[in-house]
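One file, run.txt, is given below (compact mmCIF, C-alpha atoms).
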# COMPACT_ATOMS: atom_id res chain seq x y z
CA MET T 78 98.14 111.98 77.63
CA LYS T 79 95.00 110.92 79.49
CA ALA T 80 95.22 110.37 83.25
CA ALA T 81 92.86 109.72 86.17
CA VAL T 82 93.59 112.49 88.69
CA LEU T 83 92.37 112.49 92.28
CA TYR T 84 91.96 116.15 93.24
CA LYS T 85 90.64 115.47 96.74
CA PRO T 86 88.67 112.70 98.42
CA GLY T 87 85.61 111.92 96.31
CA ASP T 88 86.79 113.98 93.31
CA VAL T 89 88.47 111.99 90.53
CA LYS T 90 88.48 113.02 86.86
CA VAL T 91 90.07 111.75 83.65
CA VAL T 92 91.93 114.71 82.17
CA GLU T 93 94.54 115.56 79.54
CA MET T 94 98.06 116.14 80.89
CA ASP T 95 101.53 116.60 79.43
CA GLN T 96 103.32 113.33 78.83
CA PRO T 97 106.24 113.00 81.29
CA GLU T 98 109.82 112.85 80.08
CA PRO T 99 112.41 110.54 81.68
CA ALA T 100 115.24 112.30 83.50
CA ALA T 101 118.70 110.77 83.85
CA GLY T 102 118.37 107.29 85.33
CA GLU T 103 114.63 107.15 84.67
CA VAL T 104 112.44 105.07 82.38
CA LEU T 105 109.33 106.15 80.48
CA ILE T 106 106.66 103.43 80.53
CA ARG T 107 103.58 103.17 78.33
CA ILE T 108 101.12 101.64 80.77
CA GLN T 109 98.99 98.70 79.67
CA ALA T 110 97.07 97.61 82.79
CA CYS T 111 96.60 98.93 86.32
CA GLY T 112 94.79 97.22 89.18
CA VAL T 113 92.56 98.96 91.72
CA CYS T 114 93.29 98.17 95.36
CA GLY T 115 92.09 98.96 98.87
CA THR T 116 94.59 101.79 99.19
CA ASP T 117 93.10 103.48 96.11
CA HIS T 118 89.64 103.21 97.64
CA SER T 119 90.91 104.55 100.97
CA LEU T 120 92.42 107.53 99.15
CA PHE T 121 89.11 108.16 97.38
CA VAL T 122 87.05 108.10 100.59
CA GLY T 123 89.60 110.12 102.56
CA GLY T 124 90.80 107.31 104.81
CA PHE T 125 94.45 107.50 103.71
CA PRO T 126 96.67 110.60 103.40
CA ALA T 127 97.86 111.76 99.98
CA VAL T 128 99.45 114.72 98.22
CA PHE T 129 96.73 116.22 96.00
CA PRO T 130 96.24 116.44 93.09
CA VAL T 131 97.75 113.10 92.15
CA ILE T 132 97.36 110.55 89.37
CA ILE T 133 96.00 107.55 91.24
CA GLY T 134 97.08 103.90 90.88
CA HIS T 135 100.22 101.87 91.56
CA GLU T 136 99.65 98.19 90.60
CA PHE T 137 100.63 98.11 86.94
CA SER T 138 102.56 96.82 83.97
CA GLY T 139 103.55 98.21 80.60
CA VAL T 140 106.20 98.63 77.93
CA VAL T 141 109.35 100.75 78.05
CA ALA T 142 108.75 103.70 75.69
CA GLY T 143 111.91 105.69 76.41
CA VAL T 144 114.96 105.83 78.65
CA GLY T 145 116.87 108.68 80.23
CA ALA T 146 120.60 109.21 80.17
CA GLY T 147 122.62 106.54 81.92
CA VAL T 148 119.98 103.78 81.85
CA LYS T 149 121.81 100.52 81.11
CA THR T 150 119.55 97.58 81.98
CA LEU T 151 116.41 98.44 79.99
CA VAL T 152 115.65 99.21 76.36
CA VAL T 153 112.63 100.47 74.45
CA GLY T 154 110.18 97.62 73.96
CA ASP T 155 110.92 95.76 77.20
CA ARG T 156 107.79 94.45 78.92
CA VAL T 157 107.94 95.54 82.56
CA THR T 158 106.35 95.95 85.95
CA VAL T 159 107.41 98.33 88.72
CA ASP T 160 108.01 98.61 92.44
CA PRO T 161 106.03 101.85 92.89
CA ASN T 162 107.91 103.11 95.96
CA ARG T 163 110.75 105.57 95.61
CA VAL T 164 113.14 105.57 98.57
CA CYS T 165 116.10 107.79 99.42
CA HIS T 166 118.70 105.06 100.16
CA THR T 167 120.34 107.42 102.70
CA CYS T 168 118.10 107.70 105.79
CA ASP T 169 118.65 105.53 108.86
CA TYR T 170 115.90 103.09 107.84
CA CYS T 171 117.23 102.62 104.32
CA ARG T 172 120.73 102.06 105.66
CA MET T 173 119.53 99.40 108.12
CA GLY T 174 117.85 97.46 105.31
CA SER T 175 114.28 98.65 105.96
CA GLU T 176 113.82 100.69 102.80
CA HIS T 177 110.04 100.29 102.90
CA LEU T 178 110.08 102.37 106.11
CA CYS T 179 112.14 105.12 104.44
CA GLU T 180 111.68 108.53 106.07
CA ASN T 181 111.47 110.07 102.60
CA LEU T 182 109.24 107.44 100.99
CA CYS T 183 107.35 108.59 97.88
CA SER T 184 104.74 106.13 96.65
CA MET T 185 103.13 106.28 93.22
CA GLY T 186 99.49 107.27 93.33
CA VAL T 187 99.88 108.68 96.86
CA HIS T 188 102.78 111.14 97.05
CA ILE T 189 103.80 111.25 93.38
CA HIS T 190 101.91 110.66 90.15
CA GLY T 191 100.76 107.09 89.66
CA ALA T 192 99.79 104.66 86.94
CA ASP T 193 96.16 105.19 85.95
CA ALA T 194 97.47 107.09 82.95
CA GLU T 195 98.84 106.39 79.52
CA TYR T 196 102.45 107.00 80.61
CA CYS T 197 104.57 107.30 83.74
CA VAL T 198 108.25 107.58 84.66
CA MET T 199 110.12 105.69 87.34
CA PRO T 200 113.79 105.16 88.25
CA GLU T 201 115.54 102.32 86.45
CA THR T 202 116.15 100.67 89.82
CA ASN T 203 112.38 100.28 90.37
CA VAL T 204 111.62 98.69 86.98
CA TYR T 205 111.60 94.92 86.41
CA VAL T 206 111.43 93.02 83.12
CA ILE T 207 108.63 90.46 82.93
CA PRO T 208 108.66 87.30 80.77
CA ASP T 209 106.70 87.18 77.52
CA SER T 210 104.58 84.39 78.99
CA LEU T 211 103.15 86.74 81.62
CA SER T 212 100.15 88.81 80.49
CA PHE T 213 100.03 92.51 81.29
CA GLU T 214 97.01 91.97 83.53
CA ALA T 215 98.77 89.24 85.50
CA ALA T 216 101.90 91.38 85.76
CA ALA T 217 99.79 94.16 87.29
CA PHE T 218 99.41 91.80 90.27
CA CYS T 219 103.16 91.75 90.94
CA GLU T 220 102.99 94.64 93.42
CA PRO T 221 100.13 93.19 95.51
CA LEU T 222 101.73 89.73 95.40
CA ALA T 223 105.01 91.25 96.61
CA CYS T 224 103.11 92.85 99.51
CA ALA T 225 101.52 89.48 100.32
CA ILE T 226 104.94 87.79 100.25
CA HIS T 227 106.15 90.30 102.84
CA GLY T 228 103.07 89.70 105.02
CA VAL T 229 103.45 85.92 104.99
CA GLU T 230 107.12 86.24 105.86
CA LEU T 231 106.29 88.51 108.80
CA ALA T 232 103.74 85.92 109.97
CA HIS T 233 106.31 83.08 109.94
CA VAL T 234 103.76 80.61 108.58
CA ARG T 235 105.09 77.12 109.24
CA THR T 236 104.38 73.67 107.85
CA GLY T 237 101.27 72.28 109.51
CA ASP T 238 99.96 75.64 110.77
CA THR T 239 96.33 76.68 110.95
CA VAL T 240 95.91 80.07 109.26
CA LEU T 241 92.80 82.24 109.47
CA ILE T 242 92.34 84.97 106.85
CA LEU T 243 89.70 87.62 107.47
CA GLY T 244 88.65 88.99 104.08
CA ALA T 245 88.87 87.35 100.65
CA GLY T 246 89.36 90.29 98.33
CA GLY T 247 92.35 90.31 96.00
CA MET T 248 94.84 90.44 98.86
CA GLY T 249 93.03 87.81 100.91
CA ASN T 250 93.12 85.45 97.93
CA LEU T 251 96.84 86.02 97.45
CA LEU T 252 97.50 85.45 101.16
CA THR T 253 95.44 82.24 100.90
CA GLN T 254 97.64 80.90 98.12
CA LEU T 255 100.91 81.89 99.76
CA SER T 256 99.87 80.43 103.14
CA ALA T 257 99.09 77.12 101.46
CA ARG T 258 102.40 77.28 99.57
CA ALA T 259 104.19 77.95 102.89
CA GLY T 260 102.86 74.66 104.24
CA ALA T 261 99.76 75.58 106.25
CA ALA T 262 97.65 72.50 106.86
CA GLN T 263 94.45 74.50 107.30
CA VAL T 264 93.72 77.79 105.52
CA ILE T 265 90.42 79.12 106.81
CA VAL T 266 88.91 82.15 105.09
CA SER T 267 86.11 84.30 106.50
CA GLU T 268 84.35 86.47 103.91
CA PRO T 269 80.76 87.80 103.74
CA ILE T 270 80.58 87.87 99.90
CA ALA T 271 79.75 84.46 98.41
CA HIS T 272 81.58 85.12 95.13
CA ARG T 273 84.80 85.77 97.01
CA ARG T 274 84.41 82.69 99.19
CA GLU T 275 84.11 80.60 96.03
CA LYS T 276 87.36 82.05 94.69
CA ALA T 277 89.11 81.42 98.00
CA LEU T 278 88.20 77.73 97.74
CA GLU T 279 89.53 77.67 94.16
CA ASN T 280 92.74 79.24 95.44
CA GLY T 281 93.54 76.79 98.22
CA ALA T 282 91.31 77.58 101.20
CA THR T 283 90.44 74.40 103.09
CA THR T 284 87.39 75.97 104.79
CA VAL T 285 85.37 79.13 104.19
CA ILE T 286 83.12 80.91 106.70
CA ASP T 287 80.21 83.24 106.00
CA PRO T 288 80.42 85.66 108.96
CA THR T 289 76.91 86.96 108.25
CA ARG T 290 75.48 83.53 109.13
CA GLN T 291 78.20 81.78 111.11
CA ASP T 292 80.18 82.71 114.21
CA VAL T 293 83.83 82.89 113.16
CA ASP T 294 85.23 81.87 116.54
CA THR T 295 82.91 78.88 116.85
CA GLU T 296 83.72 77.63 113.34
CA LEU T 297 87.45 78.18 113.86
CA ARG T 298 87.51 76.15 117.08
CA LYS T 299 85.69 73.25 115.44
CA ILE T 300 88.80 72.96 113.29
CA ARG T 301 91.49 73.96 115.81
CA ARG T 302 90.30 73.97 119.41
CA ILE T 303 92.99 76.34 120.63
CA GLY T 304 92.65 78.86 117.78
CA ALA T 305 94.72 79.81 114.76
CA ASP T 306 98.50 79.87 114.67
CA VAL T 307 98.34 82.89 112.37
CA VAL T 308 95.52 85.37 111.78
CA PHE T 309 95.63 87.79 108.84
CA GLU T 310 93.21 90.73 108.86
CA ALA T 311 93.05 91.53 105.14
CA ALA T 312 90.04 93.85 104.93
CA GLY T 313 91.21 96.96 106.77
CA ASN T 314 88.18 96.63 109.06
CA LEU T 315 88.65 97.99 112.59
CA ARG T 316 86.20 95.54 114.15
CA LEU T 317 88.00 92.60 112.53
CA GLN T 318 91.39 93.91 113.60
CA ALA T 319 90.25 93.88 117.21
CA ALA T 320 88.60 90.46 116.89
CA ALA T 321 91.71 88.94 115.29
CA VAL T 322 93.51 89.02 118.63
CA ARG T 323 90.99 86.59 120.17
CA TYR T 324 91.08 84.25 117.16
CA ALA T 325 94.79 83.56 117.62
CA ARG T 326 95.94 80.74 119.89
CA ARG T 327 98.12 81.49 122.90
CA GLY T 328 101.51 82.44 121.50
CA GLY T 329 99.95 83.01 118.07
CA GLN T 330 100.63 85.68 115.47
CA VAL T 331 98.26 88.41 114.29
CA VAL T 332 99.09 90.37 111.14
CA TRP T 333 97.13 93.56 110.47
CA PHE T 334 97.48 93.55 106.70
CA GLY T 335 94.46 95.51 105.43
CA CYS T 336 94.53 99.27 104.86
CA SER T 337 92.61 100.69 107.83
CA PRO T 338 91.47 104.33 108.22
CA MET T 339 94.30 106.67 109.22
CA ASP T 340 92.31 107.99 112.21
CA GLY T 341 90.91 104.58 113.21
CA VAL T 342 91.21 103.36 116.80
CA ILE T 343 90.46 99.93 118.23
CA GLU T 344 90.19 98.64 121.78
CA ILE T 345 91.95 95.45 122.83
CA ASN T 346 92.72 93.98 126.24
CA PRO T 347 96.46 94.35 126.97
CA TYR T 348 96.23 91.87 129.84
CA TYR T 349 95.06 89.20 127.41
CA VAL T 350 97.75 90.06 124.85
CA ASN T 351 100.42 89.81 127.56
CA ASP T 352 99.01 86.73 129.28
CA ALA T 353 98.54 84.85 125.99
CA GLU T 354 101.77 86.23 124.51
CA ILE T 355 100.00 87.28 121.33
CA LYS T 356 102.32 88.76 118.72
CA ILE T 357 100.78 91.60 116.71
CA THR T 358 102.45 93.18 113.69
CA GLY T 359 101.55 95.49 110.86
CA SER T 360 102.56 94.66 107.30
CA PHE T 361 103.59 97.54 105.06
CA ASN T 362 104.64 97.58 101.42
CA ASN T 363 106.75 95.07 99.53
CA PRO T 364 110.45 95.25 100.47
CA PHE T 365 112.75 93.30 98.14
CA ALA T 366 109.90 91.08 96.97
CA THR T 367 109.06 92.25 93.42
CA ALA T 368 111.52 89.96 91.65
CA ARG T 369 110.27 87.03 93.71
CA ALA T 370 106.67 87.85 92.80
CA ILE T 371 107.58 87.79 89.11
CA ARG T 372 109.25 84.40 89.52
CA MET T 373 106.19 83.02 91.35
CA PHE T 374 103.95 84.05 88.47
CA ALA T 375 106.38 82.94 85.78
CA ASN T 376 106.58 79.46 87.30
CA GLY T 377 102.84 79.07 87.85
CA LYS T 378 103.04 79.06 91.65
CA VAL T 379 100.28 81.67 92.08
CA ARG T 380 97.17 82.16 89.95
CA VAL T 381 95.27 85.40 89.36
CA ASP T 382 93.27 84.48 86.26
CA ASN T 383 90.17 83.97 88.43
CA LEU T 384 90.51 87.18 90.44
CA ILE T 385 89.60 89.90 87.92
CA SER T 386 85.86 90.54 88.18
CA HIS T 387 85.53 93.86 86.31
CA ARG T 388 87.51 95.65 83.62
CA PHE T 389 87.37 99.40 82.91
CA ALA T 390 88.74 101.60 80.17
CA LEU T 391 90.81 104.51 81.47
CA ALA T 392 88.16 106.93 80.16
CA ASP T 393 85.62 105.27 82.47
CA TYR T 394 87.80 105.42 85.60
CA PRO T 395 85.36 107.57 87.65
CA ALA T 396 82.97 104.59 87.70
CA VAL T 397 85.53 102.44 89.52
CA PHE T 398 84.63 103.47 93.05
CA SER T 399 80.88 103.07 92.62
CA THR T 400 81.65 99.44 91.71
CA PHE T 401 84.39 98.74 94.27
CA GLY T 402 83.36 96.36 97.05
CA GLY T 403 80.09 95.23 95.45
CA PRO T 404 78.67 91.72 95.92
CA GLN T 405 80.05 90.39 92.63
CA THR T 406 83.39 92.21 92.72
CA LEU T 407 86.92 91.08 93.35
CA LYS T 408 89.84 92.72 91.56
CA LEU T 409 89.01 95.67 89.32
CA MET T 410 91.40 96.21 86.40
CA VAL T 411 91.90 99.34 84.30
CA SER T 412 93.12 99.07 80.70
CA MET T 413 94.86 101.98 78.98
CA GLU T 414 94.21 100.69 75.48
Please express what this file holds, its structure, as C-alpha cells.
Amino acid sequence: MKAAVLYKPGDVKVVEMDQPEPAAGEVLIRIQACGVCGTDHSLFVGGFPAVFPVIIGHEFSGVVAGVGAGVKTLVVGDRVTVDPNRVCHTCDYCRMGSEHLCENLCSMGVHIHGADAEYCVMPETNVYVIPDSLSFEAAAFCEPLACAIHGVELAHVRTGDTVLILGAGGMGNLLTQLSARAGAAQVIVSEPIAHRREKALENGATTVIDPTRQDVDTELRKIRRIGADVVFEAAGNLRLQAAAVRYARRGGQVVWFGCSPMDGVIEINPYYVNDAEIKITGSFNNPFATARAIRMFANGKVRVDNLISHRFALADYPAVFSTFGGPQTLKLMVSME
C-alpha cells in the first residue's frame, strides 16, 4: 500500500509499505479521507515529539475492509471513523476515568502508524460506524470536533457568556460553533487571515477582529467592558497564550487549546492570576466524545462544508506542509482515492 511516512522533522515521503493485517479484536480500514491538523504540522517542524518513522495523520474516515478474530460489532463494508488514541485501560489514569491521560497512550500518527495511507488497523473499541448521510470528508472531522467538544466542556461555557477565540483555523471554527451552541451571547474571533474571519462569521461568530490592524483588548472591551468570560487560544501561539490571561475577566476561564511547541515557555504574572482568580486549563484529546461528534454531524448541529480549502491526493502529500497556514488556507484534506 501507499503511505505518507514522516522519517524525521522536515522529511516526509510517500512510499510503498506492506498492508497491515488485523489481529484479534482489530479492524482493517480502507481509508477514504484524512484531514491535516496543527499537530501534524507541529510534528513536521519538530515542535511535537513522535516515534519515527511513522505514518502521519489521525483525522480520518473509511470503510471496514477486514476484521480480526473476535470482532462482533463491525462487518466488512461498514462506513466508519475512529478515535485514534489507544489506551491501556489499566493505569491509574484510565481507572479514574481519565483515559486521555493514559500513561501508556499511543496516538495514531504520533506513536503508532497513522491514517495518511491506503489502509490502517485499529481496535474494534476505537471504531465507530457513521451514517450513510455523512460524507467521508465530513466524517474525517469527527476527531477534531470531539476534541473541541472536550475543550468547550472544560471551559464551562454558559448561556449568555462572552467567548473570545484566538485563531480561526479548523479548530477555531469548530470552537466558534460549539460556543454558540452552548449559549454564548457573544462569540468574538480574532484571526489575522481574512478568509478565516469570513468563515468564522458564517459559522456563528458575532464579531471578528483583525489583530494586524486592531487591538484585540480594545475591541473586546468595547463589547464587554470587563473582558471575556472564556478565552480559547486555538492557534498554539505562545504570545497569544500569554495574552489570553489578560483578555479574561476577573474570575474568567482561559483554555490553552492550540498545539504549542513542546519546549515553549511563556511569562505571565502570577500575582494577577491569583488576584483576579483566573482559571487556566489545557485541553488534550477527545475523551468519550467521538460518538457525540458523530451525532452532532448527523443531526446538522455543526457544519464543516465551508472549512475545506485545499484537497490533496495521497501521492502529493509532501506538498501539504508548503501549503499549510497560507493566506487562503483553512482545513487541508487528503484523499486516498
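Closest to Met199 of chain T among T:Val89, T:Ala312, T:Met185, T:Ala232 is T:Met185, based on only C-alpha atoms.
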Just how far from atom CA of Phe137 of chain T is atom CA of Thr158 of chain T, in Å to one decimal?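 Separating atom CA of Thr158 of chain T from atom CA of Phe137 of chain T is a distance of 6.2 Å.
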Counting only C-alpha atoms, which residues of segment 329-414 of chain T fall within 10 Å of segment 205-222 of chain T, and what is the closest atom pair for each with its distance in Å at one decimal, ordered by chain and rising number, as CSV?
residue,atom,partner,partner_atom,distance
T:Asn362,CA,T:Pro221,CA,8.6
T:Asn363,CA,T:Glu220,CA,7.2
T:Ala366,CA,T:Leu222,CA,8.4
T:Thr367,CA,T:Cys219,CA,6.4
T:Ala368,CA,T:Tyr205,CA,7.2
T:Arg369,CA,T:Cys219,CA,9.0
T:Ala370,CA,T:Cys219,CA,5.6
T:Ile371,CA,T:Cys219,CA,6.2
T:Arg372,CA,T:Ile207,CA,9.0
T:Met373,CA,T:Leu222,CA,9.0
T:Phe374,CA,T:Leu211,CA,7.4
T:Ala375,CA,T:Leu211,CA,6.5
T:Asn376,CA,T:Leu211,CA,9.9
T:Gly377,CA,T:Leu211,CA,9.9
T:Val379,CA,T:Leu222,CA,8.8
T:Arg380,CA,T:Ala215,CA,8.5
T:Val381,CA,T:Ala215,CA,6.5
T:Asp382,CA,T:Ala215,CA,7.3
T:Leu384,CA,T:Ala215,CA,9.8
T:Ile385,CA,T:Glu214,CA,8.9
T:Lys408,CA,T:Phe218,CA,9.7
T:Met410,CA,T:Glu214,CA,7.6
T:Val411,CA,T:Glu214,CA,9.0
T:Ser412,CA,T:Glu214,CA,8.6
Find the residues of segment 89-142 of chain T that sit at most 12 Å from segment 247-264 of chain T; for each, write down the nearest two atoms and how far apart they are in Å, to one decimal. Count all atoms listed in the file. Sort by chain, then by number going up, and give it as CSV.
residue,atom,partner,partner_atom,distance
T:Gly112,CA,T:Gly247,CA,10.0
T:Val113,CA,T:Gly247,CA,9.7
T:Cys114,CA,T:Gly247,CA,7.9
T:Gly115,CA,T:Met248,CA,9.0
T:Thr116,CA,T:Met248,CA,11.4
Report the centre and edge lengths, in Å to one decimal, of an axis-aligned box enclosing every atom of segment 345-360 of chain T listed in the file, padded by 6 Å on each side, as lines of an AutoDock Vina configuration file.
center_x = 97.3
center_y = 90.2
center_z = 118.6
size_x = 22.6
size_y = 22.6
size_z = 34.5
Pull the neighbourhood of (74.8, 92.5, 89.8) for me: all residues within 12 Å in file coordinates, counting all atoms listed in the file, as a PyMOL selection string. chain T and resi 272+386-387+400+402-406
Would you mind writing segment 161-182 of chain T with N, CA and C atoms, as a short mmCIF file (atom, residue, chain, number, x, y, z; two decimals), in the coordinates of the input?
data_model
loop_
_atom_site.label_atom_id
_atom_site.label_comp_id
_atom_site.auth_asym_id
_atom_site.auth_seq_id
_atom_site.Cartn_x
_atom_site.Cartn_y
_atom_site.Cartn_z
N PRO T 161 106.48 100.46 92.98
CA PRO T 161 106.03 101.85 92.89
C PRO T 161 106.51 102.77 94.00
N ASN T 162 107.48 102.33 94.80
CA ASN T 162 107.91 103.11 95.96
C ASN T 162 109.33 103.64 95.78
N ARG T 163 109.43 104.94 95.68
CA ARG T 163 110.75 105.57 95.61
C ARG T 163 111.28 105.77 97.03
N VAL T 164 112.52 105.38 97.26
CA VAL T 164 113.14 105.57 98.57
C VAL T 164 114.45 106.34 98.41
N CYS T 165 114.95 106.89 99.53
CA CYS T 165 116.10 107.79 99.42
C CYS T 165 117.44 107.08 99.48
N HIS T 166 117.49 105.86 100.02
CA HIS T 166 118.70 105.06 100.16
C HIS T 166 119.70 105.65 101.15
N THR T 167 119.36 106.75 101.82
CA THR T 167 120.34 107.42 102.70
C THR T 167 119.87 107.59 104.14
N CYS T 168 118.56 107.51 104.42
CA CYS T 168 118.10 107.70 105.79
C CYS T 168 118.47 106.49 106.64
N ASP T 169 118.28 106.60 107.95
CA ASP T 169 118.65 105.53 108.86
C ASP T 169 117.94 104.22 108.53
N TYR T 170 116.65 104.31 108.14
CA TYR T 170 115.90 103.09 107.84
C TYR T 170 116.40 102.41 106.58
N CYS T 171 116.67 103.20 105.54
CA CYS T 171 117.23 102.62 104.32
C CYS T 171 118.56 101.94 104.60
N ARG T 172 119.39 102.59 105.41
CA ARG T 172 120.73 102.06 105.66
C ARG T 172 120.71 100.83 106.56
N MET T 173 119.62 100.61 107.29
CA MET T 173 119.53 99.40 108.12
C MET T 173 118.80 98.28 107.39
N GLY T 174 118.48 98.50 106.10
CA GLY T 174 117.85 97.46 105.31
C GLY T 174 116.34 97.47 105.34
N SER T 175 115.74 98.53 105.90
CA SER T 175 114.28 98.65 105.96
C SER T 175 113.82 99.77 105.05
N GLU T 176 114.12 99.63 103.75
CA GLU T 176 113.82 100.69 102.80
C GLU T 176 112.33 101.01 102.71
N HIS T 177 111.48 100.03 102.98
CA HIS T 177 110.04 100.29 102.90
C HIS T 177 109.57 101.24 104.01
N LEU T 178 110.40 101.44 105.03
CA LEU T 178 110.08 102.37 106.11
C LEU T 178 110.83 103.70 105.95
N CYS T 179 111.36 103.92 104.76
CA CYS T 179 112.14 105.12 104.44
C CYS T 179 111.45 106.39 104.94
N GLU T 180 112.22 107.26 105.57
CA GLU T 180 111.68 108.53 106.07
C GLU T 180 111.26 109.47 104.94
N ASN T 181 111.77 109.21 103.74
CA ASN T 181 111.47 110.07 102.60
C ASN T 181 110.71 109.30 101.52
N LEU T 182 109.97 108.29 101.92
CA LEU T 182 109.24 107.44 100.99
C LEU T 182 108.28 108.26 100.12
#
